[in-house]
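*Asks:* As input, take query-v2.pdb (PDB, C-alpha atoms, pLDDT in the B column):
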```
ATOM      1  CA  HIS V   1    -149.552  -5.470 -85.025  1.00 82.00           C
ATOM      2  CA  ARG V   2    -152.456  -3.503 -86.514  1.00 87.00           C
ATOM      3  CA  GLN V   3    -150.132  -0.837 -87.906  1.00 93.00           C
ATOM      4  CA  ALA V   4    -147.861  -3.478 -89.444  1.00 94.00           C
ATOM      5  CA  HIS V   5    -150.836  -5.172 -91.098  1.00 94.00           C
ATOM      6  CA  GLU V   6    -152.078  -1.828 -92.411  1.00 96.00           C
ATOM      7  CA  ALA V   7    -148.604  -1.074 -93.802  1.00 97.00           C
ATOM      8  CA  SER V   8    -148.577  -4.472 -95.541  1.00 97.00           C
ATOM      9  CA  ILE V   9    -151.940  -3.770 -97.176  1.00 98.00           C
ATOM     10  CA  LEU V  10    -150.805  -0.332 -98.345  1.00 98.00           C
ATOM     11  CA  HIS V  11    -147.596  -1.868 -99.722  1.00 98.00           C
ATOM     12  CA  ARG V  12    -149.576  -4.452-101.710  1.00 98.00           C
ATOM     13  CA  LEU V  13    -151.887  -1.735-103.079  1.00 98.00           C
ATOM     14  CA  ALA V  14    -148.834   0.282-104.134  1.00 97.00           C
ATOM     15  CA  LYS V  15    -147.562  -2.837-105.950  1.00 97.00           C
ATOM     16  CA  GLY V  16    -150.825  -3.002-107.908  1.00 96.00           C
ATOM     17  CA  ASP V  17    -152.739  -5.650-105.979  1.00 97.00           C
ATOM     18  CA  ALA V  18    -156.333  -4.466-106.068  1.00 97.00           C
ATOM     19  CA  ASP V  19    -158.513  -7.099-104.416  1.00 97.00           C
ATOM     20  CA  ILE V  20    -158.676  -8.780-101.032  1.00 97.00           C
ATOM     21  CA  PRO V  21    -157.940 -12.363-102.149  1.00 95.00           C
ATOM     22  CA  THR V  22    -154.761 -11.231-103.953  1.00 96.00           C
ATOM     23  CA  ILE V  23    -153.661  -9.144-100.977  1.00 97.00           C
ATOM     24  CA  VAL V  24    -154.323 -12.032 -98.563  1.00 96.00           C
ATOM     25  CA  ARG V  25    -152.253 -14.445-100.702  1.00 94.00           C
ATOM     26  CA  ALA V  26    -149.363 -11.955-100.807  1.00 96.00           C
ATOM     27  CA  ILE V  27    -149.384 -11.100 -97.098  1.00 95.00           C
ATOM     28  CA  TYR V  28    -150.171 -14.517 -95.618  1.00 93.00           C
ATOM     29  CA  ILE V  29    -147.784 -16.762 -97.532  1.00 92.00           C
ATOM     30  CA  GLY V  30    -148.340 -20.368 -96.532  1.00 91.00           C
ATOM     31  CA  ILE V  31    -151.506 -19.651 -94.539  1.00 92.00           C
ATOM     32  CA  ASP V  32    -153.686 -22.638 -93.739  1.00 95.00           C
ATOM     33  CA  PRO V  33    -156.394 -22.508 -96.436  1.00 93.00           C
ATOM     34  CA  ARG V  34    -159.061 -22.810 -93.727  1.00 96.00           C
ATOM     35  CA  LEU V  35    -157.986 -19.384 -92.426  1.00 96.00           C
ATOM     36  CA  THR V  36    -158.122 -17.420 -95.680  1.00 95.00           C
ATOM     37  CA  GLY V  37    -161.734 -16.366 -95.120  1.00 95.00           C
ATOM     38  CA  ALA V  38    -160.928 -14.922 -91.698  1.00 96.00           C
ATOM     39  CA  ALA V  39    -157.834 -13.223 -93.121  1.00 96.00           C
ATOM     40  CA  GLY V  40    -159.992 -11.725 -95.865  1.00 96.00           C
ATOM     41  CA  TYR V  41    -162.434 -10.269 -93.350  1.00 97.00           C
ATOM     42  CA  SER V  42    -159.542  -8.867 -91.335  1.00 96.00           C
ATOM     43  CA  GLY V  43    -158.251  -7.240 -94.514  1.00 96.00           C
ATOM     44  CA  LEU V  44    -161.710  -5.882 -95.234  1.00 97.00           C
ATOM     45  CA  ALA V  45    -161.840  -4.280 -91.778  1.00 97.00           C
ATOM     46  CA  HIS V  46    -158.521  -2.560 -92.473  1.00 97.00           C
ATOM     47  CA  LEU V  47    -159.681  -1.434 -95.908  1.00 97.00           C
ATOM     48  CA  GLU V  48    -162.948  -0.077 -94.507  1.00 97.00           C
ATOM     49  CA  ASP V  49    -160.908   2.054 -92.101  1.00 97.00           C
ATOM     50  CA  LEU V  50    -158.464   3.151 -94.808  1.00 97.00           C
ATOM     51  CA  VAL V  51    -161.322   4.103 -97.146  1.00 97.00           C
ATOM     52  CA  GLY V  52    -163.003   6.008 -94.321  1.00 96.00           C
ATOM     53  CA  ARG V  53    -159.801   7.950 -93.692  1.00 96.00           C
ATOM     54  CA  GLY V  54    -159.395   8.729 -97.405  1.00 97.00           C
ATOM     55  CA  VAL V  55    -156.139   6.769 -97.762  1.00 97.00           C
ATOM     56  CA  VAL V  56    -157.630   4.109-100.050  1.00 98.00           C
ATOM     57  CA  ALA V  57    -160.326   4.458-102.708  1.00 98.00           C
ATOM     58  CA  THR V  58    -162.916   1.994-103.964  1.00 97.00           C
ATOM     59  CA  ASP V  59    -166.028   2.227-106.093  1.00 94.00           C
ATOM     60  CA  GLY V  60    -169.015   2.052-103.790  1.00 92.00           C
ATOM     61  CA  ASP V  61    -168.855   0.614-100.303  1.00 94.00           C
ATOM     62  CA  PRO V  62    -165.904  -1.526 -99.207  1.00 96.00           C
ATOM     63  CA  VAL V  63    -166.809  -5.193 -99.757  1.00 96.00           C
ATOM     64  CA  ILE V  64    -164.877  -8.481 -99.952  1.00 94.00           C
ATOM     65  CA  GLY V  65    -165.273  -8.604-103.737  1.00 94.00           C
ATOM     66  CA  GLY V  66    -164.373  -4.951-104.248  1.00 96.00           C
ATOM     67  CA  SER V  67    -161.459  -3.387-106.071  1.00 97.00           C
ATOM     68  CA  TYR V  68    -159.150  -1.058-104.138  1.00 98.00           C
ATOM     69  CA  ARG V  69    -156.459   1.477-104.956  1.00 98.00           C
ATOM     70  CA  LEU V  70    -154.450   4.096-103.168  1.00 98.00           C
ATOM     71  CA  ALA V  71    -156.362   7.371-103.073  1.00 97.00           C
ATOM     72  CA  ALA V  72    -155.006  10.285-105.072  1.00 88.00           C
ATOM     73  CA  SER V  73    -152.909  12.559-102.893  1.00 66.00           C
TER      74      SER V  73
END
```
Represent the structure from my file as structure tokens, please.
*Replies:*
Amino acid sequence: HRQAHEASILHRLAKGDADIPTIVRAIYIGIDPRLTGAAGYSGLAHLEDLVGRGVVATDGDPVIGGSYRLAAS
């Protein structure tokens, strides 16, 4: 499940989505609005890991309001 979620995030970044709220809306279509905050923090955890591994880049530390992009190969 974790790998599938990571793949979904990377797919959305490749499509040009750059922030957590946009990624959450694209991945969790029809999610109960009360769960979007939790989904955002789950996405942040994935992005923190991806930034740490050099797969994703961001300016500064990974944060909910940050902007993300695929790292240059």
*Asks:* Which one of V:Leu10, V:Ile20, V:Gln3, V:Lys15 sits closest to Ser67 of chain V if you count all atoms listed in the file?
*Replies:*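 Nearest candidate to Ser67 of chain V out of V:Leu10, V:Ile20, V:Gln3, V:Lys15: V:Ile20.
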*Asks:* Work out how far atom CA of Gly66 of chain V is from atom CA of Gly30 of chain V, in Å to one decimal.
*Replies:*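 Atom-to-atom, atom CA of Gly30 of chain V and atom CA of Gly66 of chain V are spaced 23.5 Å apart.
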*Asks:* List the neighbours of segment 45-50 of chain V out to 7 Å using all atoms listed in the file; skip same-chain residues closer than 6 positions along the sequence, and give me the result as a PyMOL selection string.
*Replies:* chain V and resi 6+56+62
*Asks:* Give me the residues within 7 Å of Val55 of chain V as a list in words, counting all atoms listed in the file and dropping any in the same chain fewer than 2 places off.
*Replies:*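 Contacts, with the query itself left out: Leu50, Val51, Arg53, Ala57, Leu70 and Ala71 of chain V.
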*Asks:* For each of V:Gly60, V:Pro33, V:Arg69, V:Gly52, take the minimum atom-to-atom distance to Ala18 of chain V, counting only C-alpha atoms, then give the residue where this is smallest.
*Replies:*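 Looking at the shortest contact to Ala18 of chain V, the residue is V:Arg69.
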*Asks:* With only C-alpha atoms as the atoms that count, which of V:Ala4, V:Tyr68, V:Gly40, V:Leu35 lies nearest to Gly16 of chain V?
*Replies:*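 Once distances to Gly16 of chain V are computed over only C-alpha atoms, the minimum belongs to V:Tyr68.
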*Asks:* From the set V:Thr58, V:His5, V:Gly65, V:Arg12, which residue has the shortest atom-to-atom contact distance to Gly43 of chain V, counting all atoms listed in the file?
*Replies:*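 Distance minimum relative to Gly43 of chain V lands on V:His5.
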*Asks:* Which of these residues is nearest to Ala39 of chain V, using all atoms listed in the file: V:Asp17, V:Gly54, V:Thr22, V:His11?
*Replies:*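 Going through V:Asp17, V:Gly54, V:Thr22, V:His11 one by one, the smallest distance to Ala39 of chain V is for V:Thr22.
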*Asks:* State, in Å with one decimal place, the distance from atom CA of Arg34 of chain V to atom CA of Arg2 of chain V.
*Replies:*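 Answer for the atom CA of Arg34 of chain V to atom CA of Arg2 of chain V separation: 21.6 Å.
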*Asks:* Could you tell me how far atom CA of Ser42 of chain V lies from atom CA of Ile29 of chain V, in Å and to one decimal?
*Replies:*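 Computing it gives 15.5 Å between the two atoms.
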*Asks:* Given the choices V:Ile23, V:Leu13, V:Ala7, V:Leu44, which gets closest to Val63 of chain V if the distance is worked out from all atoms listed in the file?
*Replies:*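 Smallest distance to Val63 of chain V is found for V:Leu44.
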*Asks:* Put the listed atoms of segment 42-50 of chain V in a box along x, y and z with 4 Å added on every side and give me the centre and edge lengths in Å to one decimal, as JSON.
*Replies:*
```
{"center_x": -160.6, "center_y": -2.9, "center_z": -93.6, "size_x": 12.7, "size_y": 20.0, "size_z": 12.6}
```
*Asks:* Please fill the gaps in segment 4-15 of chain V so it has all heavy atoms, and write that as a PDB file, keeping the file's coordinate frame.
*Replies:*
```pdb
ATOM      1  N   ALA V   4    -148.670  -2.685 -88.513  1.00 94.00           N
ATOM      2  CA  ALA V   4    -147.861  -3.478 -89.444  1.00 94.00           C
ATOM      3  C   ALA V   4    -148.751  -4.104 -90.521  1.00 94.00           C
ATOM      4  O   ALA V   4    -148.368  -4.145 -91.699  1.00 94.00           O
ATOM      5  CB  ALA V   4    -147.096  -4.560 -88.685  1.00 94.00           C
ATOM      6  N   HIS V   5    -149.917  -4.574 -90.128  1.00 94.00           N
ATOM      7  CA  HIS V   5    -150.836  -5.172 -91.098  1.00 94.00           C
ATOM      8  C   HIS V   5    -151.335  -4.107 -92.075  1.00 94.00           C
ATOM      9  O   HIS V   5    -151.403  -4.344 -93.284  1.00 94.00           O
ATOM     10  CB  HIS V   5    -152.005  -5.836 -90.368  1.00 94.00           C
ATOM     11  CG  HIS V   5    -152.805  -6.752 -91.225  1.00 94.00           C
ATOM     12  ND1 HIS V   5    -154.107  -7.032 -90.987  1.00 94.00           N
ATOM     13  CD2 HIS V   5    -152.493  -7.449 -92.344  1.00 94.00           C
ATOM     14  CE1 HIS V   5    -154.570  -7.850 -91.911  1.00 94.00           C
ATOM     15  NE2 HIS V   5    -153.598  -8.116 -92.747  1.00 94.00           N
ATOM     16  N   GLU V   6    -151.654  -2.931 -91.553  1.00 96.00           N
ATOM     17  CA  GLU V   6    -152.078  -1.828 -92.411  1.00 96.00           C
ATOM     18  C   GLU V   6    -150.972  -1.464 -93.403  1.00 96.00           C
ATOM     19  O   GLU V   6    -151.233  -1.266 -94.587  1.00 96.00           O
ATOM     20  CB  GLU V   6    -152.436  -0.619 -91.551  1.00 96.00           C
ATOM     21  CG  GLU V   6    -152.910   0.570 -92.345  1.00 96.00           C
ATOM     22  CD  GLU V   6    -153.293   1.734 -91.460  1.00 96.00           C
ATOM     23  OE1 GLU V   6    -154.246   1.586 -90.663  1.00 96.00           O
ATOM     24  OE2 GLU V   6    -152.647   2.793 -91.575  1.00 96.00           O
ATOM     25  N   ALA V   7    -149.742  -1.393 -92.922  1.00 97.00           N
ATOM     26  CA  ALA V   7    -148.604  -1.074 -93.802  1.00 97.00           C
ATOM     27  C   ALA V   7    -148.448  -2.130 -94.888  1.00 97.00           C
ATOM     28  O   ALA V   7    -148.152  -1.802 -96.045  1.00 97.00           O
ATOM     29  CB  ALA V   7    -147.322  -0.942 -92.980  1.00 97.00           C
ATOM     30  N   SER V   8    -148.670  -3.395 -94.553  1.00 97.00           N
ATOM     31  CA  SER V   8    -148.577  -4.472 -95.541  1.00 97.00           C
ATOM     32  C   SER V   8    -149.651  -4.320 -96.620  1.00 97.00           C
ATOM     33  O   SER V   8    -149.376  -4.512 -97.809  1.00 97.00           O
ATOM     34  CB  SER V   8    -148.728  -5.836 -94.866  1.00 97.00           C
ATOM     35  OG  SER V   8    -147.657  -6.092 -93.998  1.00 97.00           O
ATOM     36  N   ILE V   9    -150.853  -3.966 -96.215  1.00 98.00           N
ATOM     37  CA  ILE V   9    -151.940  -3.770 -97.176  1.00 98.00           C
ATOM     38  C   ILE V   9    -151.615  -2.598 -98.096  1.00 98.00           C
ATOM     39  O   ILE V   9    -151.761  -2.695 -99.321  1.00 98.00           O
ATOM     40  CB  ILE V   9    -153.279  -3.563 -96.447  1.00 98.00           C
ATOM     41  CG1 ILE V   9    -153.707  -4.873 -95.788  1.00 98.00           C
ATOM     42  CG2 ILE V   9    -154.360  -3.054 -97.404  1.00 98.00           C
ATOM     43  CD1 ILE V   9    -154.892  -4.750 -94.847  1.00 98.00           C
ATOM     44  N   LEU V  10    -151.154  -1.493 -97.528  1.00 98.00           N
ATOM     45  CA  LEU V  10    -150.805  -0.332 -98.345  1.00 98.00           C
ATOM     46  C   LEU V  10    -149.669  -0.654 -99.308  1.00 98.00           C
ATOM     47  O   LEU V  10    -149.680  -0.216-100.459  1.00 98.00           O
ATOM     48  CB  LEU V  10    -150.437   0.854 -97.446  1.00 98.00           C
ATOM     49  CG  LEU V  10    -151.601   1.431 -96.638  1.00 98.00           C
ATOM     50  CD1 LEU V  10    -151.098   2.460 -95.646  1.00 98.00           C
ATOM     51  CD2 LEU V  10    -152.662   2.013 -97.555  1.00 98.00           C
ATOM     52  N   HIS V  11    -148.711  -1.456 -98.862  1.00 98.00           N
ATOM     53  CA  HIS V  11    -147.596  -1.868 -99.722  1.00 98.00           C
ATOM     54  C   HIS V  11    -148.120  -2.683-100.905  1.00 98.00           C
ATOM     55  O   HIS V  11    -147.713  -2.476-102.050  1.00 98.00           O
ATOM     56  CB  HIS V  11    -146.579  -2.666 -98.912  1.00 98.00           C
ATOM     57  CG  HIS V  11    -145.470  -3.234 -99.729  1.00 98.00           C
ATOM     58  ND1 HIS V  11    -144.431  -2.472-100.202  1.00 98.00           N
ATOM     59  CD2 HIS V  11    -145.247  -4.490-100.170  1.00 98.00           C
ATOM     60  CE1 HIS V  11    -143.617  -3.235-100.909  1.00 98.00           C
ATOM     61  NE2 HIS V  11    -144.090  -4.468-100.901  1.00 98.00           N
ATOM     62  N   ARG V  12    -149.025  -3.616-100.635  1.00 98.00           N
ATOM     63  CA  ARG V  12    -149.576  -4.452-101.710  1.00 98.00           C
ATOM     64  C   ARG V  12    -150.393  -3.600-102.690  1.00 98.00           C
ATOM     65  O   ARG V  12    -150.336  -3.823-103.895  1.00 98.00           O
ATOM     66  CB  ARG V  12    -150.441  -5.582-101.140  1.00 98.00           C
ATOM     67  CG  ARG V  12    -149.722  -6.618-100.299  1.00 98.00           C
ATOM     68  CD  ARG V  12    -148.418  -7.138-100.846  1.00 98.00           C
ATOM     69  NE  ARG V  12    -148.461  -7.500-102.242  1.00 98.00           N
ATOM     70  CZ  ARG V  12    -147.388  -7.800-102.976  1.00 98.00           C
ATOM     71  NH1 ARG V  12    -146.179  -7.791-102.438  1.00 98.00           N
ATOM     72  NH2 ARG V  12    -147.513  -8.113-104.253  1.00 98.00           N
ATOM     73  N   LEU V  13    -151.135  -2.626-102.184  1.00 98.00           N
ATOM     74  CA  LEU V  13    -151.887  -1.735-103.079  1.00 98.00           C
ATOM     75  C   LEU V  13    -150.928  -0.933-103.950  1.00 98.00           C
ATOM     76  O   LEU V  13    -151.173  -0.751-105.146  1.00 98.00           O
ATOM     77  CB  LEU V  13    -152.792  -0.801-102.268  1.00 98.00           C
ATOM     78  CG  LEU V  13    -153.989  -1.455-101.596  1.00 98.00           C
ATOM     79  CD1 LEU V  13    -154.661  -0.473-100.646  1.00 98.00           C
ATOM     80  CD2 LEU V  13    -154.983  -1.979-102.616  1.00 98.00           C
ATOM     81  N   ALA V  14    -149.834  -0.471-103.365  1.00 97.00           N
ATOM     82  CA  ALA V  14    -148.834   0.282-104.134  1.00 97.00           C
ATOM     83  C   ALA V  14    -148.196  -0.588-105.214  1.00 97.00           C
ATOM     84  O   ALA V  14    -147.799  -0.093-106.271  1.00 97.00           O
ATOM     85  CB  ALA V  14    -147.767   0.838-103.197  1.00 97.00           C
ATOM     86  N   LYS V  15    -148.120  -1.893-104.969  1.00 97.00           N
ATOM     87  CA  LYS V  15    -147.562  -2.837-105.950  1.00 97.00           C
ATOM     88  C   LYS V  15    -148.566  -3.189-107.047  1.00 97.00           C
ATOM     89  O   LYS V  15    -148.240  -3.891-107.989  1.00 97.00           O
ATOM     90  CB  LYS V  15    -147.118  -4.123-105.255  1.00 97.00           C
ATOM     91  CG  LYS V  15    -145.929  -3.983-104.365  1.00 97.00           C
ATOM     92  CD  LYS V  15    -144.692  -4.042-105.200  1.00 97.00           C
ATOM     93  CE  LYS V  15    -143.467  -4.221-104.324  1.00 97.00           C
ATOM     94  NZ  LYS V  15    -142.280  -4.297-105.149  1.00 97.00           N
TER      95      LYS V  15
END
```
